[in-house]
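Here is the structure we will look at, set down as C-alpha cells.
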There are 2 protein chains.
Amino acid sequence: MTIGEFATVTHLSVRTLRRYHEAGLLQPAEIDRFTGYRYYTADQIPPAQVIHRLRELDVPLAEVKSILAADPQRRAQMITDHLGRLEGELARTRAAVVSLERLLRPDTQDLQVEMRSVPARLVAAVDGHITLDGVIAWYDAAMAELDAAFPPAQRTGPPGGRYANELFTHGTGDVSVFRPVRDPRASGRIEVVELAPADLAVAVHHGPHDDIDVTYGRLGAWAAEHALTVDGPVHETYLVGPRDTDSSSRWRTEIGWPIFRLAQQ
Amino acid sequence: MTIGEFATVTHLSVRTLRRYHEAGLLQPAEIDRFTGYRYYTADQIPPAQVIHRLRELDVPLAEVKSILAADPQRRAQMITDHLGRLEGELARTRAAVVSLERLLRPDTQDLQVEMRSVPARLVAAVDGHITLDGVIAWYDAAMAELDAAFPPAQRTGPPGGRYANELFTHGTGDVSVFRPVRDPRASGRIEVVELAPADLAVAVHHGPHDDIDVTYGRLGAWAAEHALTVDGPVHETYLVGPRDTDSSSRWRTEIGWPIFRLAQQ
DNA sequence: GTCAGGTCTCCCGCAGGGGGAGGGTCAACT
DNA sequence: AGTTGACCCTCCCCCTGCGGGAGACCTGAC
C-alpha cells in the first residue's frame, strides 16, 4: 500500500503518517531505497489505530512510543496512569468552571484583613523544591508524614505551609509544610525548623482551594491600596482542612503575606 | 504595581502578563513612555483572574479577548458554548478509552465482506463541504431535514451517506447524506440527486460509531489482501441507527468502499 | 555613586500538526 | 513509447501558548 492508500484506510493524514515514521512510532513495512517512497502493509493498520486512539487521549508521541514498545501488562499500567492524569485534568476543569462562575458575579462581601506580627517558632517541617502541578500530591504526602510522626496529643496548633512566590509565577519553587508540636524532632523527611518571624497581612479564605487565588488577589489589592508591598513567601495556615471536615466548603485557610517594611510605616 | 508585583498577586508569570498585554487582553494601567515599564493597578486583578480561569478552560486567547469585550449576556452565552465544546471533547475522550480497550484485545471474529454492484438510483440528498469536527452536528441537522420532508410512508429504504476520503485524511471534505424515497423532490437544502453506480466492498459495523474506523481498517486490510485498491468516497448505509433504537450497541452500519476496477478482475 | 535585582525587547525552543514550494515517480492513457 | 496527471519526496515556514536565555536598560536601597 502506498502512504496515500494507507492514510485512507486508517483515517490518518499523510503528513501525520510521515511524522509517525520520523518519530519511530510506525515504521513503514518497506521503503524504496532510491525514491524514498514509503510502503505499508495491512498488518500495520491495527498499530496505526492504536496510535490514533492514544493521540486522541492526548498521550504524547514519546509516551505512545514507549507504550507500544512495552509488554501488555506494563502497557495496561501506562494507559491506566494516563487515564488517571486525564481524570485529574477533568477535576481541575470542573473546579475552574465553578470558580469562574463565582468570579463573574460581583463580590458580595468585603474581605477582612488583619495585620499581625508572627514571632519565630520551632516546628516540625518538610521542605521541598517542587513544580506547581505536583504541589497537591507533594503536600498530601508531606502532611501525611507529619501526621504519622506526631499524633494529635502532641500537636499544639493547626498545620501550615510556606510557598515561595516563584512557585506560582514560574511554576516551580521552594515549599515547606509544617506542624507546630510539643516536642519537634527530625525523622524521615521531617526536620526541626525555626520559622522566621514575619509581619503579615492576614485574610481567611473560605471553601476549597480551587479559587484560593481570588483571595490572594483581594489580599494583594488590599495591600496595594494601603501602599504596602507584598514580599517573601506566602504563609498558609489550615484552620479547617480535609482532615477536619468532609465538606470542602467548610474549609478555612488563613493566608498571610509578608508585608515589606511594615514596622516602619 | 510593577509587573513583578502584579504577577505575584495574580499568580500569573511575568512573561504571561506581557503576552496578555501584547495580545490586547490586559492593558497595563500605565506604561512609561520612556522606559516601556508596565504598571498595573489593583482593579486589574479581577480581569486578570477571569483570564486565568478561561485559559485553564483552554479558551484560546482570541476568544478570551472577545469574551472580555462582550456584554455580560453575550459573555455568558460564549462561556456556555465553550463548556459545550468541552463536554463534546469529554465524550470523545470517553469513546476513545472504550475503543482503545476493544482495540487492545485481539479480534474475536472475522469480518464478513461482500462484493456488491450498486446501480444508479435517484434519492433525496443534502450535500455539504464540512470539517471533521462538525460532521456530527451537520449530519444530525441534514438528516432531520430529510426526515421532516419525507415521512415514513414515503421512504423506500434506510438512509445513507457518502464521505469523501479527504474528510478523514485532511479534516475537511464533501459529504452527502440521502434517503431513498418514493417521490424525491427538492426543498430547502434538499436536492434530487442521482447516485452514481459503484462496485463496493461491503462490511457491516456493529455498535456506535466511536470505533467505526476499526471496521474501516479491517475492510481496508481485506481489500489489500485481495489486491484491490479502495478508491472514491466511502458509502455508509444506516441499517439500524439512532432513529431506530435507543441502544447504540444495537446500531448496524453498512460500510461500502468503492473498489477500483473490480469489474475487470 | 554603586550595584543587585527588575524590566525591557528579541530570538529560539517545545509539542503536534498544517500549508505550500519545488522536484522526482508512478501508472493509466493515447 | 510518450505524455500527463496524480502521487510522493524533502525542506521550510507558520500556528498556539508558553518557557529559556541574551543583552541592554532602569530602579531604588545602601
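Here, A, B, ... name the chains of the C-alpha cells in the order displayed, residue numbers run from 1 inside each chain, and ligands are numbered from 1 in the same displayed order.
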
When you look at DT30 of chain C with a cut-off of 12 Å (counting only C-alpha atoms (C1' of nucleotides)), what residues show up, excluding the ones that are within fewer than 3 positions of it in the same chain? I need them as an mmCIF file with C-alpha atoms (C1' of nucleotides), in the first residue's frame.
data_model
loop_
_atom_site.group_PDB
_atom_site.id
_atom_site.type_symbol
_atom_site.label_atom_id
_atom_site.label_comp_id
_atom_site.auth_asym_id
_atom_site.auth_seq_id
_atom_site.Cartn_x
_atom_site.Cartn_y
_atom_site.Cartn_z
ATOM 1 C "C1'" DA D 1 6.687 4.935 -26.237
ATOM 2 C "C1'" DG D 2 5.382 9.158 -24.764
ATOM 3 C "C1'" DT D 3 2.501 12.103 -22.196
ATOM 4 C "C1'" DT D 4 0.089 13.581 -18.353
#

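Using only C-alpha atoms (C1' of nucleotides), the part of chain A that sits within 12 Å of chain C is made up of Thr2, Ser13, Val14, Arg15, Thr16, Leu17, Arg18, Arg19, Tyr20, Ala23, Asp32, Phe34, Thr35, Gly36, Tyr37, Arg55, Glu56, Asp58, Val59, Pro60, Leu61 and Ala62 of chain A.
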
Output file for the residues above (C-alpha atoms, as a CSV table (one decimal), in the first residue's frame):
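See out06.csv below for the written result:
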chain,number,residue,atom,x,y,z
A,2,THR,CA,1.3,3.5,-0.7
A,13,SER,CA,-3.3,12.1,7.2
A,14,VAL,CA,-0.3,11.5,5.0
A,15,ARG,CA,1.6,14.1,6.9
A,16,THR,CA,0.8,12.5,10.2
A,17,LEU,CA,1.9,9.1,9.0
A,18,ARG,CA,5.2,10.6,7.9
A,19,ARG,CA,5.7,12.2,11.3
A,20,TYR,CA,4.9,8.9,13.0
A,23,ALA,CA,9.3,9.7,15.4
A,32,ASP,CA,12.3,2.3,-1.6
A,34,PHE,CA,16.1,5.0,-4.4
A,35,THR,CA,12.9,7.0,-4.3
A,36,GLY,CA,12.2,7.2,-0.6
A,37,TYR,CA,8.7,6.0,-1.1
A,55,ARG,CA,-3.3,10.5,20.4
A,56,GLU,CA,-7.0,11.2,20.8
A,58,ASP,CA,-3.5,13.3,24.2
A,59,VAL,CA,-0.8,10.8,25.0
A,60,PRO,CA,2.5,12.5,23.9
A,61,LEU,CA,4.2,10.8,21.0
A,62,ALA,CA,7.2,9.8,23.1

| request: Provide the atom CA of Tyr139 of chain A to atom CA of Arg162 of chain A distance in Å, to one decimal place. | output: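 Atom-to-atom, atom CA of Tyr139 of chain A and atom CA of Arg162 of chain A are spaced 11.2 Å apart.
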
I'd like the contact shell of segment 115-121 of chain B - 10 Å cut-off, only C-alpha atoms (C1' of nucleotides), skipping same-chain residues fewer than 3 positions apart - returned as a PDB file with C-alpha atoms, in the first residue's frame.
ATOM      1  CA  PRO B 180     -34.222   6.797  -0.947  1.00  0.00           C
ATOM      2  CA  VAL B 193     -29.564  13.555  -6.857  1.00  0.00           C
ATOM      3  CA  GLU B 194     -28.709  10.566  -8.954  1.00  0.00           C
ATOM      4  CA  LEU B 195     -26.223   8.466  -7.026  1.00  0.00           C
ATOM      5  CA  ALA B 196     -23.562   7.127  -9.353  1.00  0.00           C
ATOM      6  CA  PRO B 197     -23.367   3.345  -9.658  1.00  0.00           C
ATOM      7  CA  ALA B 198     -20.454   1.734  -7.858  1.00  0.00           C
ATOM      8  CA  ASP B 199     -18.713  -1.531  -7.199  1.00  0.00           C
ATOM      9  CA  LEU B 200     -18.409  -1.818  -3.464  1.00  0.00           C
ATOM     10  CA  ALA B 201     -16.685  -3.954  -0.888  1.00  0.00           C
ATOM     11  CA  VAL B 202     -19.277  -4.034   1.882  1.00  0.00           C
ATOM     12  CA  ALA B 203     -18.990  -4.843   5.568  1.00  0.00           C
ATOM     13  CA  GLY B 256     -19.140   0.251   1.340  1.00  0.00           C
ATOM     14  CA  TRP B 257     -15.867   1.191  -0.228  1.00  0.00           C
ATOM     15  CA  PRO B 258     -15.657   1.643  -3.965  1.00  0.00           C
ATOM     16  CA  ILE B 259     -13.194  -0.890  -5.304  1.00  0.00           C
ATOM     17  CA  LEU B 262     -13.458  -4.516  -9.755  1.00  0.00           C
ATOM     18  CA  ALA B 263     -15.327  -5.457 -12.921  1.00  0.00           C
TER      19      ALA B 263
END

| request: Kindly provide, as a list in words, the residues of chain D having any atom no farther than 9 Å from an atom of chain B, counting only C-alpha atoms (C1' of nucleotides). | output: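 Listed by rising number, the hits are DT16, DG17, DC18, DG19, DC25 and DC26 of chain D.
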
| said: So that I can see what lies close to segment 42-46 of chain B, please list as a list in words the residues with an atom at most 7 Å from it, counting only C-alpha atoms (C1' of nucleotides) and leaving out residues fewer than 4 positions away in the same chain. | reply: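 So, after excluding close chain neighbours, the residues are Gly217, Ala221 and Ala224 of chain A; Thr10 and Val50 of chain B.
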
Please produce an output containing N, CA and C atoms for each residue in the selection, written as a PDB file, in the first residue's frame.
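In the end it all went to out_5.pdb:
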ATOM      1  N   GLY A 217      -5.688  37.492  45.430  1.00  0.00           N
ATOM      2  CA  GLY A 217      -5.799  38.734  44.672  1.00  0.00           C
ATOM      3  C   GLY A 217      -6.397  39.857  45.512  1.00  0.00           C
ATOM      4  N   ALA A 221      -4.758  43.274  46.503  1.00  0.00           N
ATOM      5  CA  ALA A 221      -5.380  44.573  46.231  1.00  0.00           C
ATOM      6  C   ALA A 221      -5.421  45.422  47.500  1.00  0.00           C
ATOM      7  N   ALA A 224      -2.035  46.794  48.079  1.00  0.00           N
ATOM      8  CA  ALA A 224      -1.723  47.873  47.142  1.00  0.00           C
ATOM      9  C   ALA A 224      -2.425  49.158  47.553  1.00  0.00           C
TER      10      ALA A 224
ATOM     11  N   THR B  10      -1.364  37.970  41.299  1.00  0.00           N
ATOM     12  CA  THR B  10      -2.350  37.245  40.481  1.00  0.00           C
ATOM     13  C   THR B  10      -1.963  35.796  40.227  1.00  0.00           C
ATOM     14  N   VAL B  50     -10.056  36.388  35.762  1.00  0.00           N
ATOM     15  CA  VAL B  50     -11.007  35.829  34.804  1.00  0.00           C
ATOM     16  C   VAL B  50     -10.249  35.239  33.614  1.00  0.00           C
TER      17      VAL B  50
END
